[in-house]
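Trainee: target-v8.cif is reproduced in full below (mmCIF, C-alpha atoms).
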```
data_start
loop_
_atom_site.group_PDB
_atom_site.id
_atom_site.type_symbol
_atom_site.label_atom_id
_atom_site.label_comp_id
_atom_site.auth_asym_id
_atom_site.auth_seq_id
_atom_site.Cartn_x
_atom_site.Cartn_y
_atom_site.Cartn_z
ATOM 1 C CA MET A 1 83.884 -25.229 -100.311
ATOM 2 C CA LEU A 2 84.747 -27.375 -103.322
ATOM 3 C CA LYS A 3 87.473 -29.104 -101.314
ATOM 4 C CA LEU A 4 84.921 -29.878 -98.592
ATOM 5 C CA VAL A 5 82.469 -31.372 -101.086
ATOM 6 C CA ALA A 6 85.177 -33.412 -102.820
ATOM 7 C CA PHE A 7 86.584 -34.677 -99.517
ATOM 8 C CA ARG A 8 83.186 -35.679 -98.137
ATOM 9 C CA LEU A 9 82.183 -37.438 -101.351
ATOM 10 C CA ALA A 10 85.487 -39.311 -101.383
ATOM 11 C CA SER A 11 85.091 -40.275 -97.724
ATOM 12 C CA ALA A 12 81.608 -41.613 -98.506
ATOM 13 C CA ILE A 13 83.086 -44.484 -100.536
ATOM 14 C CA PRO A 14 84.622 -46.374 -97.567
ATOM 15 C CA VAL A 15 81.479 -45.726 -95.521
ATOM 16 C CA ILE A 16 79.319 -47.195 -98.266
ATOM 17 C CA GLY A 17 81.829 -50.058 -98.488
ATOM 18 C CA ILE A 18 81.409 -50.854 -94.793
ATOM 19 C CA VAL A 19 77.627 -50.696 -95.126
ATOM 20 C CA ALA A 20 77.800 -52.974 -98.164
ATOM 21 C CA VAL A 21 79.914 -55.555 -96.299
ATOM 22 C CA LEU A 22 77.571 -55.609 -93.300
ATOM 23 C CA VAL A 23 74.440 -55.862 -95.425
ATOM 24 C CA PHE A 24 75.933 -58.566 -97.640
ATOM 25 C CA VAL A 25 77.122 -60.694 -94.706
ATOM 26 C CA PHE A 26 73.975 -60.339 -92.598
ATOM 27 C CA LEU A 27 71.710 -61.210 -95.519
ATOM 28 C CA ARG A 28 73.757 -64.290 -96.310
ATOM 29 C CA LEU A 29 73.459 -65.367 -92.669
ATOM 30 C CA THR A 30 69.658 -65.398 -92.967
ATOM 31 C CA GLY A 31 69.742 -68.430 -95.239
ATOM 32 C CA ASP A 32 70.048 -69.619 -98.814
ATOM 33 C CA PRO A 33 68.037 -67.371 -101.197
ATOM 34 C CA ALA A 34 67.832 -70.164 -103.786
ATOM 35 C CA ALA A 35 66.124 -72.508 -101.335
ATOM 36 C CA GLY A 36 63.797 -69.702 -100.266
ATOM 37 C CA LEU A 37 62.766 -68.959 -103.856
ATOM 38 C CA LEU A 38 62.056 -72.590 -104.758
ATOM 39 C CA GLY A 39 60.182 -73.395 -101.573
ATOM 40 C CA GLU A 40 60.126 -76.425 -99.332
ATOM 41 C CA ASP A 41 59.115 -78.850 -102.093
ATOM 42 C CA ALA A 42 62.262 -78.263 -104.160
ATOM 43 C CA THR A 43 64.787 -81.048 -104.498
ATOM 44 C CA THR A 44 68.455 -80.674 -103.622
ATOM 45 C CA LYS A 45 69.359 -80.871 -107.311
ATOM 46 C CA GLN A 46 66.992 -78.036 -108.202
ATOM 47 C CA VAL A 47 68.400 -75.868 -105.425
ATOM 48 C CA GLU A 48 71.985 -76.556 -106.539
ATOM 49 C CA GLU A 49 71.156 -75.719 -110.172
ATOM 50 C CA LEU A 50 69.532 -72.446 -109.172
ATOM 51 C CA ARG A 51 72.449 -71.562 -106.890
ATOM 52 C CA ARG A 52 74.851 -72.213 -109.762
ATOM 53 C CA SER A 53 72.828 -70.062 -112.178
ATOM 54 C CA MET A 54 72.719 -67.226 -109.603
ATOM 55 C CA GLY A 55 76.432 -67.458 -108.874
ATOM 56 C CA LEU A 56 75.831 -68.469 -105.272
ATOM 57 C CA ASP A 57 78.095 -71.514 -105.580
ATOM 58 C CA ARG A 58 81.159 -69.250 -105.672
ATOM 59 C CA PRO A 59 83.124 -68.345 -102.522
ATOM 60 C CA LEU A 60 81.435 -65.680 -100.418
ATOM 61 C CA VAL A 61 84.309 -63.201 -100.773
ATOM 62 C CA GLU A 62 84.273 -63.557 -104.560
ATOM 63 C CA GLN A 63 80.507 -63.029 -104.617
ATOM 64 C CA PHE A 64 80.886 -59.831 -102.607
ATOM 65 C CA PHE A 65 83.601 -58.275 -104.768
ATOM 66 C CA ILE A 66 81.734 -59.093 -107.967
ATOM 67 C CA TRP A 67 78.554 -57.559 -106.580
ATOM 68 C CA PHE A 68 80.215 -54.468 -105.040
ATOM 69 C CA GLY A 69 82.242 -53.834 -108.191
ATOM 70 C CA ASN A 70 79.025 -53.808 -110.170
ATOM 71 C CA VAL A 71 77.437 -51.460 -107.589
ATOM 72 C CA LEU A 72 80.262 -48.941 -108.044
ATOM 73 C CA ARG A 73 79.451 -48.961 -111.757
ATOM 74 C CA GLY A 74 75.761 -48.376 -111.039
ATOM 75 C CA ASP A 75 74.694 -51.978 -111.655
ATOM 76 C CA PHE A 76 72.730 -53.387 -108.705
ATOM 77 C CA GLY A 77 72.005 -56.670 -110.422
ATOM 78 C CA ARG A 78 68.627 -58.228 -111.159
ATOM 79 C CA SER A 79 65.734 -59.023 -108.892
ATOM 80 C CA LEU A 80 65.599 -62.670 -107.873
ATOM 81 C CA VAL A 81 61.800 -62.563 -108.028
ATOM 82 C CA THR A 82 60.949 -60.588 -111.182
ATOM 83 C CA GLY A 83 64.224 -60.853 -113.074
ATOM 84 C CA GLN A 84 64.142 -57.121 -113.799
ATOM 85 C CA PRO A 85 67.143 -54.840 -113.210
ATOM 86 C CA VAL A 86 67.110 -53.544 -109.637
ATOM 87 C CA SER A 87 67.943 -50.027 -110.828
ATOM 88 C CA LEU A 88 64.779 -50.103 -112.969
ATOM 89 C CA LEU A 89 62.627 -51.201 -110.022
ATOM 90 C CA ILE A 90 64.069 -48.440 -107.828
ATOM 91 C CA GLY A 91 63.648 -45.857 -110.584
ATOM 92 C CA GLN A 92 59.972 -46.755 -110.889
ATOM 93 C CA ARG A 93 59.460 -46.240 -107.140
ATOM 94 C CA LEU A 94 61.685 -43.191 -106.669
ATOM 95 C CA GLU A 95 59.118 -40.469 -107.434
ATOM 96 C CA ALA A 96 56.689 -41.517 -104.700
ATOM 97 C CA THR A 97 59.397 -41.589 -102.015
ATOM 98 C CA LEU A 98 60.953 -38.281 -103.068
ATOM 99 C CA SER A 99 57.532 -36.644 -103.238
ATOM 100 C CA LEU A 100 56.639 -37.825 -99.741
ATOM 101 C CA ALA A 101 60.011 -36.735 -98.334
ATOM 102 C CA LEU A 102 59.714 -33.304 -99.985
ATOM 103 C CA THR A 103 56.172 -32.544 -98.824
ATOM 104 C CA THR A 104 56.935 -33.831 -95.312
ATOM 105 C CA THR A 105 60.031 -31.647 -94.980
ATOM 106 C CA VAL A 106 58.335 -28.511 -96.309
ATOM 107 C CA LEU A 107 55.248 -28.941 -94.126
ATOM 108 C CA SER A 108 57.304 -29.737 -91.024
ATOM 109 C CA VAL A 109 59.564 -26.701 -91.337
ATOM 110 C CA LEU A 110 56.683 -24.337 -92.133
ATOM 111 C CA VAL A 111 54.737 -25.525 -89.074
ATOM 112 C CA ALA A 112 57.471 -26.321 -86.554
ATOM 113 C CA VAL A 113 59.677 -23.220 -86.785
ATOM 114 C CA PRO A 114 56.814 -20.749 -86.105
ATOM 115 C CA LEU A 115 55.607 -22.983 -83.242
ATOM 116 C CA GLY A 116 59.083 -23.073 -81.711
ATOM 117 C CA LEU A 117 59.517 -19.313 -82.129
ATOM 118 C CA ALA A 118 56.136 -18.621 -80.533
ATOM 119 C CA ALA A 119 56.933 -20.903 -77.593
ATOM 120 C CA ALA A 120 60.291 -19.186 -77.078
ATOM 121 C CA ARG A 121 58.878 -15.680 -77.496
ATOM 122 C CA TYR A 122 56.154 -16.269 -74.908
ATOM 123 C CA ARG A 123 58.084 -18.645 -72.675
ATOM 124 C CA GLY A 124 56.138 -19.688 -69.569
ATOM 125 C CA SER A 125 52.788 -18.516 -70.931
ATOM 126 C CA TRP A 126 49.743 -20.654 -71.679
ATOM 127 C CA LEU A 127 50.751 -20.635 -75.357
ATOM 128 C CA ASP A 128 54.159 -22.088 -74.524
ATOM 129 C CA ARG A 129 52.605 -24.809 -72.359
ATOM 130 C CA ALA A 130 49.999 -25.617 -75.025
ATOM 131 C CA ILE A 131 52.661 -25.972 -77.728
ATOM 132 C CA MET A 132 54.835 -28.190 -75.533
ATOM 133 C CA LEU A 133 51.820 -30.355 -74.636
ATOM 134 C CA LEU A 134 51.083 -30.690 -78.350
ATOM 135 C CA CYS A 135 54.701 -31.690 -78.950
ATOM 136 C CA VAL A 136 54.631 -34.357 -76.232
ATOM 137 C CA SER A 137 51.388 -35.772 -77.625
ATOM 138 C CA GLY A 138 52.728 -35.845 -81.168
ATOM 139 C CA PHE A 139 55.984 -37.495 -80.152
ATOM 140 C CA SER A 140 54.150 -40.179 -78.153
ATOM 141 C CA THR A 141 51.855 -41.205 -81.001
ATOM 142 C CA PRO A 142 53.240 -43.775 -83.490
ATOM 143 C CA THR A 143 53.199 -42.769 -87.145
ATOM 144 C CA PHE A 144 51.052 -45.712 -88.216
ATOM 145 C CA VAL A 145 48.412 -44.795 -85.608
ATOM 146 C CA VAL A 146 48.235 -41.249 -86.967
ATOM 147 C CA GLY A 147 48.061 -42.653 -90.486
ATOM 148 C CA TYR A 148 45.139 -44.988 -89.804
ATOM 149 C CA LEU A 149 43.354 -42.230 -87.871
ATOM 150 C CA LEU A 150 43.687 -39.855 -90.832
ATOM 151 C CA VAL A 151 42.363 -42.512 -93.211
ATOM 152 C CA TRP A 152 39.415 -43.170 -90.913
ATOM 153 C CA ILE A 153 38.491 -39.486 -90.601
ATOM 154 C CA PHE A 154 39.278 -37.916 -93.972
ATOM 155 C CA SER A 155 38.813 -40.901 -96.286
ATOM 156 C CA VAL A 156 36.228 -43.233 -94.726
ATOM 157 C CA HIS A 157 33.933 -40.732 -92.961
ATOM 158 C CA LEU A 158 34.421 -37.436 -94.792
ATOM 159 C CA GLY A 159 35.475 -38.775 -98.193
ATOM 160 C CA LEU A 160 37.784 -35.816 -98.766
ATOM 161 C CA LEU A 161 41.019 -37.678 -99.477
ATOM 162 C CA PRO A 162 41.991 -40.944 -101.176
ATOM 163 C CA ALA A 163 42.446 -43.738 -98.670
ATOM 164 C CA GLN A 164 45.440 -45.284 -100.404
ATOM 165 C CA GLY A 165 47.489 -45.212 -103.572
ATOM 166 C CA TYR A 166 49.557 -42.642 -105.401
ATOM 167 C CA ALA A 167 49.055 -40.395 -108.406
ATOM 168 C CA THR A 168 52.156 -39.360 -110.330
ATOM 169 C CA LEU A 169 52.928 -35.707 -110.872
ATOM 170 C CA ALA A 170 52.429 -36.278 -114.597
ATOM 171 C CA SER A 171 48.761 -37.110 -113.942
ATOM 172 C CA GLY A 172 48.167 -33.614 -112.530
ATOM 173 C CA PHE A 173 49.230 -31.524 -109.565
ATOM 174 C CA TRP A 174 45.949 -31.799 -107.659
ATOM 175 C CA PRO A 175 45.642 -35.623 -107.777
ATOM 176 C CA TRP A 176 49.319 -35.829 -106.829
ATOM 177 C CA LEU A 177 48.815 -33.517 -103.863
ATOM 178 C CA THR A 178 45.590 -35.097 -102.563
ATOM 179 C CA HIS A 179 47.217 -38.534 -102.444
ATOM 180 C CA LEU A 180 50.090 -37.110 -100.389
ATOM 181 C CA VAL A 181 48.158 -35.027 -97.837
ATOM 182 C CA ALA A 182 47.406 -37.797 -95.334
ATOM 183 C CA PRO A 183 50.797 -39.595 -95.508
ATOM 184 C CA THR A 184 52.587 -36.242 -95.284
ATOM 185 C CA ILE A 185 50.708 -35.260 -92.117
ATOM 186 C CA ALA A 186 51.346 -38.692 -90.609
ATOM 187 C CA MET A 187 55.076 -38.483 -91.392
ATOM 188 C CA ALA A 188 55.361 -34.862 -90.248
ATOM 189 C CA THR A 189 53.962 -35.534 -86.771
ATOM 190 C CA VAL A 190 57.273 -36.549 -85.184
ATOM 191 C CA PHE A 191 59.325 -34.266 -87.432
ATOM 192 C CA VAL A 192 57.364 -31.166 -86.345
ATOM 193 C CA VAL A 193 57.855 -32.052 -82.679
ATOM 194 C CA LEU A 194 61.630 -32.372 -83.031
ATOM 195 C CA ILE A 195 62.086 -29.115 -84.927
ATOM 196 C CA ALA A 196 59.712 -27.138 -82.679
ATOM 197 C CA ARG A 197 61.397 -28.228 -79.444
ATOM 198 C CA ILE A 198 64.923 -27.592 -80.702
ATOM 199 C CA THR A 199 63.860 -24.227 -82.140
ATOM 200 C CA ARG A 200 62.388 -23.194 -78.798
ATOM 201 C CA ALA A 201 65.433 -24.325 -76.806
ATOM 202 C CA SER A 202 67.931 -22.731 -79.221
ATOM 203 C CA VAL A 203 66.129 -19.381 -79.357
ATOM 204 C CA ILE A 204 65.738 -19.243 -75.559
ATOM 205 C CA GLU A 205 69.442 -19.962 -75.103
ATOM 206 C CA THR A 206 70.345 -17.285 -77.650
ATOM 207 C CA LEU A 207 68.092 -14.701 -75.998
ATOM 208 C CA GLU A 208 70.084 -15.113 -72.785
ATOM 209 C CA GLN A 209 73.404 -14.180 -74.424
ATOM 210 C CA ASP A 210 75.228 -10.946 -73.567
ATOM 211 C CA TYR A 211 75.008 -9.478 -77.069
ATOM 212 C CA ILE A 212 71.205 -9.763 -76.944
ATOM 213 C CA ARG A 213 71.123 -7.830 -73.691
ATOM 214 C CA THR A 214 73.494 -5.261 -75.233
ATOM 215 C CA ALA A 215 71.244 -4.854 -78.264
ATOM 216 C CA ARG A 216 68.237 -4.302 -76.040
ATOM 217 C CA ALA A 217 70.159 -1.810 -73.878
ATOM 218 C CA MET A 218 71.061 0.160 -76.999
ATOM 219 C CA GLY A 219 67.359 0.500 -77.781
ATOM 220 C CA ALA A 220 66.969 -2.088 -80.526
ATOM 221 C CA ASN A 221 63.396 -3.002 -81.396
ATOM 222 C CA GLU A 222 62.257 -6.236 -79.701
ATOM 223 C CA ARG A 223 61.051 -7.737 -82.965
ATOM 224 C CA ARG A 224 64.381 -6.873 -84.607
ATOM 225 C CA VAL A 225 66.273 -8.447 -81.702
ATOM 226 C CA PHE A 226 64.148 -11.586 -81.870
ATOM 227 C CA VAL A 227 64.199 -12.117 -85.631
ATOM 228 C CA LEU A 228 67.514 -10.658 -86.754
ATOM 229 C CA PHE A 229 69.753 -11.645 -83.839
ATOM 230 C CA ALA A 230 68.122 -14.519 -81.942
ATOM 231 C CA LEU A 231 66.732 -16.517 -84.848
ATOM 232 C CA ARG A 232 69.800 -16.063 -87.027
ATOM 233 C CA ASN A 233 72.188 -17.244 -84.334
ATOM 234 C CA ALA A 234 69.912 -20.147 -83.401
ATOM 235 C CA ALA A 235 69.759 -21.305 -87.023
ATOM 236 C CA VAL A 236 72.653 -23.796 -86.788
ATOM 237 C CA PRO A 237 70.969 -26.097 -84.195
ATOM 238 C CA ILE A 238 67.704 -25.807 -86.140
ATOM 239 C CA VAL A 239 69.401 -26.855 -89.385
ATOM 240 C CA THR A 240 71.031 -29.733 -87.497
ATOM 241 C CA ILE A 241 67.726 -31.111 -86.268
ATOM 242 C CA VAL A 242 66.193 -30.682 -89.728
ATOM 243 C CA GLY A 243 68.983 -32.885 -91.067
ATOM 244 C CA VAL A 244 68.416 -35.449 -88.315
ATOM 245 C CA GLY A 245 64.699 -35.322 -89.083
ATOM 246 C CA LEU A 246 65.372 -36.037 -92.751
ATOM 247 C CA GLY A 247 67.089 -39.222 -91.629
ATOM 248 C CA ILE A 248 63.949 -40.075 -89.670
ATOM 249 C CA VAL A 249 61.877 -39.373 -92.777
ATOM 250 C CA LEU A 250 64.014 -41.797 -94.787
ATOM 251 C CA THR A 251 63.369 -44.567 -92.278
ATOM 252 C CA GLY A 252 59.731 -43.565 -91.739
ATOM 253 C CA VAL A 253 58.780 -44.010 -95.380
ATOM 254 C CA VAL A 254 58.888 -47.779 -94.873
ATOM 255 C CA VAL A 255 55.949 -47.695 -92.436
ATOM 256 C CA THR A 256 54.061 -44.820 -94.072
ATOM 257 C CA GLU A 257 54.234 -46.221 -97.595
ATOM 258 C CA THR A 258 52.943 -49.541 -96.287
ATOM 259 C CA VAL A 259 50.014 -47.923 -94.446
ATOM 260 C CA PHE A 260 48.974 -45.783 -97.415
ATOM 261 C CA ASN A 261 49.936 -48.296 -100.117
ATOM 262 C CA LEU A 262 52.345 -45.866 -101.765
ATOM 263 C CA PRO A 263 54.541 -47.466 -104.453
ATOM 264 C CA GLY A 264 57.792 -46.097 -103.047
ATOM 265 C CA ILE A 265 61.206 -47.458 -102.195
ATOM 266 C CA GLY A 266 60.185 -48.130 -98.585
ATOM 267 C CA ARG A 267 57.391 -50.442 -99.665
ATOM 268 C CA LEU A 268 59.668 -52.016 -102.270
ATOM 269 C CA THR A 269 62.105 -52.827 -99.463
ATOM 270 C CA ILE A 270 59.374 -54.468 -97.381
ATOM 271 C CA GLU A 271 58.254 -56.545 -100.370
ATOM 272 C CA ALA A 272 61.857 -57.580 -101.026
ATOM 273 C CA ILE A 273 62.356 -58.610 -97.388
ATOM 274 C CA VAL A 274 59.211 -60.750 -97.452
ATOM 275 C CA SER A 275 60.274 -62.469 -100.683
ATOM 276 C CA ARG A 276 63.971 -62.565 -99.662
ATOM 277 C CA ASP A 277 64.966 -60.669 -102.793
ATOM 278 C CA PHE A 278 68.563 -59.988 -101.724
ATOM 279 C CA PRO A 279 69.678 -57.702 -104.603
ATOM 280 C CA VAL A 280 66.736 -55.350 -104.016
ATOM 281 C CA ILE A 281 67.291 -55.280 -100.241
ATOM 282 C CA GLN A 282 70.999 -54.550 -100.668
ATOM 283 C CA ALA A 283 70.378 -51.795 -103.208
ATOM 284 C CA SER A 284 67.687 -50.145 -101.074
ATOM 285 C CA ILE A 285 69.852 -50.051 -97.955
ATOM 286 C CA ILE A 286 72.850 -48.663 -99.843
ATOM 287 C CA LEU A 287 70.630 -46.040 -101.485
ATOM 288 C CA PHE A 288 69.253 -44.921 -98.108
ATOM 289 C CA SER A 289 72.771 -44.814 -96.660
ATOM 290 C CA PHE A 290 74.085 -42.700 -99.528
ATOM 291 C CA ALA A 291 71.114 -40.344 -99.240
ATOM 292 C CA TYR A 292 71.863 -39.884 -95.544
ATOM 293 C CA LEU A 293 75.494 -39.061 -96.349
ATOM 294 C CA LEU A 294 74.347 -36.448 -98.868
ATOM 295 C CA ILE A 295 72.041 -34.938 -96.248
ATOM 296 C CA ASN A 296 74.942 -34.621 -93.804
ATOM 297 C CA LEU A 297 77.073 -33.004 -96.505
ATOM 298 C CA SER A 298 74.313 -30.505 -97.258
ATOM 299 C CA ILE A 299 74.050 -29.648 -93.559
ATOM 300 C CA ASP A 300 77.803 -29.034 -93.328
ATOM 301 C CA ILE A 301 77.606 -26.673 -96.301
ATOM 302 C CA LEU A 302 74.693 -24.818 -94.724
ATOM 303 C CA TYR A 303 76.706 -24.428 -91.522
ATOM 304 C CA THR A 304 79.365 -22.422 -93.349
ATOM 305 C CA LEU A 305 76.703 -20.226 -94.977
ATOM 306 C CA LEU A 306 74.811 -19.540 -91.747
ATOM 307 C CA ASP A 307 77.885 -19.024 -89.563
ATOM 308 C CA PRO A 308 81.044 -17.768 -91.322
ATOM 309 C CA ARG A 309 83.057 -18.698 -88.218
ATOM 310 C CA ILE A 310 82.582 -22.399 -89.004
ATOM 311 C CA ARG A 311 85.305 -23.757 -91.249
ATOM 312 C CA TYR A 312 86.314 -27.314 -92.125
#
```
Go ahead and express the file in the form of structure tokens.
Mentor:
Amino acid sequence: MLKLVAFRLASAIPVIGIVAVLVFVFLRLTGDPAAGLLGEDATTKQVEELRRSMGLDRPLVEQFFIWFGNVLRGDFGRSLVTGQPVSLLIGQRLEATLSLALTTTVLSVLVAVPLGLAAARYRGSWLDRAIMLLCVSGFSTPTFVVGYLLVWIFSVHLGLLPAQGYATLASGFWPWLTHLVAPTIAMATVFVVLIARITRASVIETLEQDYIRTARAMGANERRVFVLFALRNAAVPIVTIVGVGLGIVLTGVVVTETVFNLPGIGRLTIEAIVSRDFPVIQASIILFSFAYLLINLSIDILYTLLDPRIRY
């Protein structure tokens, strides 16, 4: 297990390196950040002075290795807009994003797995068709539409939830939770659909295996067969889709945090793109990429725990 973790963490370095190269090159192709910061009224001399102070007058390859070397040491540079360290800006926004990702994952798993199990247990019934119809509807509705609908119902008309903003966990559990209810439901819409459908398909496939028929022939209780044998052996595909869904959550925070005005990393990325704050954009993308690699590593470890036959 330790060898697996060490190997995957070591292999993450070249992956992050490739991501860093692509991000660095593509951002530089979008234009000169110095000219973008000064605006159209800036003179050529002013642009050149700013480029020199930012180190943009150096060769592109030299700029990359200086920047990536600093990244490996945990230094993402300073924001071109505020002048603050990028790591400080990300640290200030990290709690909101992690909180949203955590509540979305917990809610999605708690709702989707029972729905998928119920659909598989009563396959072909009205309950199965109703759950699948719900899944199709949820998958077809964009997250931002669900978000604005929740704000309109629960904030504008009923006044039960805050329309926007975020309360830190230090300010109290209840304010923290109430600010996350609507964005969590909006984010969980697609996530629930994915997990429920894969859970249903995996359990149905498992129930058709020979060992399930053998267990039933030997007189095993139907509930025991369903929970102990079917669900346990269908756990690997379910864990896989949960990991894929976490990747969707990481990308979905950009839209959700914008809709609900949450001060998270997703919204920070949008603000940096608008202002062409290259260091912040680069750091955000690398952070999301590294988080996705850690998610995949966690899934691989869970595979070995759920199915001892799986070895790396």
Trainee: Counting only C-alpha atoms, what is within 12 Å of region 63-77 of chain A, bar same-chain residues fewer than 5 positions away, as a PyMOL selection string?
Mentor: chain A and resi 13-14+16-25+27-28+51-52+54-58+82-91+277-287
Trainee: What does the distance between CA of Val47 (chain A) and CA of Leu60 (chain A) come to in Å, to one decimal place?
Mentor: 17.3 Å
Trainee: Around the point (59.0, -64.5, -102.0), in the coordinates given by the file, pick out the residues reaching within 7 Å, counting all atoms listed in the file, and return them as a list in words.
Mentor: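 These residues have at least one counted atom within 7 Å: Leu37, Val81, Val274, Ser275 and Arg276 of chain A.
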Trainee: Env of Ala234 (chain A): 7 Å cut, atoms = only C-alpha atoms, seq-sep filter 2 positions within chain, self excluded. Answer as a PDB file with C-alpha atoms, in the coordinates of the input.
Mentor:
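Result file follows (part_33.pdb):
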```
ATOM      1  CA  SER A 202      67.931 -22.731 -79.221  1.00  0.00           C
ATOM      2  CA  VAL A 203      66.129 -19.381 -79.357  1.00  0.00           C
ATOM      3  CA  THR A 206      70.345 -17.285 -77.650  1.00  0.00           C
ATOM      4  CA  ALA A 230      68.122 -14.519 -81.942  1.00  0.00           C
ATOM      5  CA  LEU A 231      66.732 -16.517 -84.848  1.00  0.00           C
ATOM      6  CA  ARG A 232      69.800 -16.063 -87.027  1.00  0.00           C
ATOM      7  CA  VAL A 236      72.653 -23.796 -86.788  1.00  0.00           C
ATOM      8  CA  PRO A 237      70.969 -26.097 -84.195  1.00  0.00           C
ATOM      9  CA  ILE A 238      67.704 -25.807 -86.140  1.00  0.00           C
TER      10      ILE A 238
END
```
Trainee: Using all atoms listed in the file, what table do you get, as CSV, when you list each residue of region 181-279 of chain A with an atom no more than 10 Å from region 127-145 of chain A, its nearest pair of atoms, and their distance in Å rounded to one decimal, rows by chain then rising number?
Mentor:
```
residue,atom,partner,partner_atom,distance
A:Pro183,CA,A:Thr143,CA,9.3
A:Ile185,CA,A:Thr143,CA,9.3
A:Ala186,CA,A:Thr143,CA,5.7
A:Met187,CA,A:Thr143,CA,6.3
A:Ala188,CA,A:Thr143,CA,8.8
A:Thr189,CA,A:Gly138,CA,5.7
A:Val190,CA,A:Phe139,CA,5.3
A:Phe191,CA,A:Phe139,CA,8.6
A:Val192,CA,A:Cys135,CA,7.9
A:Val193,CA,A:Cys135,CA,4.9
A:Leu194,CA,A:Cys135,CA,8.1
A:Ile195,CA,A:Cys135,CA,9.8
A:Ala196,CA,A:Cys135,CA,7.7
A:Arg197,CA,A:Cys135,CA,7.6
A:Arg200,CA,A:Asp128,CA,9.3
A:Gly252,CA,A:Thr143,CA,8.0
A:Val255,CA,A:Phe144,CA,6.8
A:Thr256,CA,A:Phe144,CA,6.6
A:Glu257,CA,A:Phe144,CA,9.9
A:Thr258,CA,A:Phe144,CA,9.1
A:Val259,CA,A:Phe144,CA,6.7
A:Phe260,CA,A:Phe144,CA,9.4
```
Trainee: Running the PyMOL selection byres ((chain A and resi 177) around 12) on this model by hand, what would come out? Give it as a list in words.
Mentor: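 This file, filtered by the PyMOL selection byres ((chain A and resi 177) around 12), leaves Ala96, Ser99, Leu100, Leu102, Thr103, Thr104, Leu161, Pro162, Gly165, Tyr166, Ala167, Thr168, Leu169, Ala170, Ser171, Gly172, Phe173, Trp174, Pro175, Trp176, Thr178, His179, Leu180, Val181, Ala182, Pro183 and Thr184 of chain A.
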Trainee: Mind writing the picked residues with C-alpha atoms as a PDB file, in the frame of the given file?
Mentor:
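Okay, out26.pdb is ready:
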```
ATOM      1  CA  ALA A  96      56.689 -41.517-104.700  1.00  0.00           C
ATOM      2  CA  SER A  99      57.532 -36.644-103.238  1.00  0.00           C
ATOM      3  CA  LEU A 100      56.639 -37.825 -99.741  1.00  0.00           C
ATOM      4  CA  LEU A 102      59.714 -33.304 -99.985  1.00  0.00           C
ATOM      5  CA  THR A 103      56.172 -32.544 -98.824  1.00  0.00           C
ATOM      6  CA  THR A 104      56.935 -33.831 -95.312  1.00  0.00           C
ATOM      7  CA  LEU A 161      41.019 -37.678 -99.477  1.00  0.00           C
ATOM      8  CA  PRO A 162      41.991 -40.944-101.176  1.00  0.00           C
ATOM      9  CA  GLY A 165      47.489 -45.212-103.572  1.00  0.00           C
ATOM     10  CA  TYR A 166      49.557 -42.642-105.401  1.00  0.00           C
ATOM     11  CA  ALA A 167      49.055 -40.395-108.406  1.00  0.00           C
ATOM     12  CA  THR A 168      52.156 -39.360-110.330  1.00  0.00           C
ATOM     13  CA  LEU A 169      52.928 -35.707-110.872  1.00  0.00           C
ATOM     14  CA  ALA A 170      52.429 -36.278-114.597  1.00  0.00           C
ATOM     15  CA  SER A 171      48.761 -37.110-113.942  1.00  0.00           C
ATOM     16  CA  GLY A 172      48.167 -33.614-112.530  1.00  0.00           C
ATOM     17  CA  PHE A 173      49.230 -31.524-109.565  1.00  0.00           C
ATOM     18  CA  TRP A 174      45.949 -31.799-107.659  1.00  0.00           C
ATOM     19  CA  PRO A 175      45.642 -35.623-107.777  1.00  0.00           C
ATOM     20  CA  TRP A 176      49.319 -35.829-106.829  1.00  0.00           C
ATOM     21  CA  THR A 178      45.590 -35.097-102.563  1.00  0.00           C
ATOM     22  CA  HIS A 179      47.217 -38.534-102.444  1.00  0.00           C
ATOM     23  CA  LEU A 180      50.090 -37.110-100.389  1.00  0.00           C
ATOM     24  CA  VAL A 181      48.158 -35.027 -97.837  1.00  0.00           C
ATOM     25  CA  ALA A 182      47.406 -37.797 -95.334  1.00  0.00           C
ATOM     26  CA  PRO A 183      50.797 -39.595 -95.508  1.00  0.00           C
ATOM     27  CA  THR A 184      52.587 -36.242 -95.284  1.00  0.00           C
TER      28      THR A 184
END
```
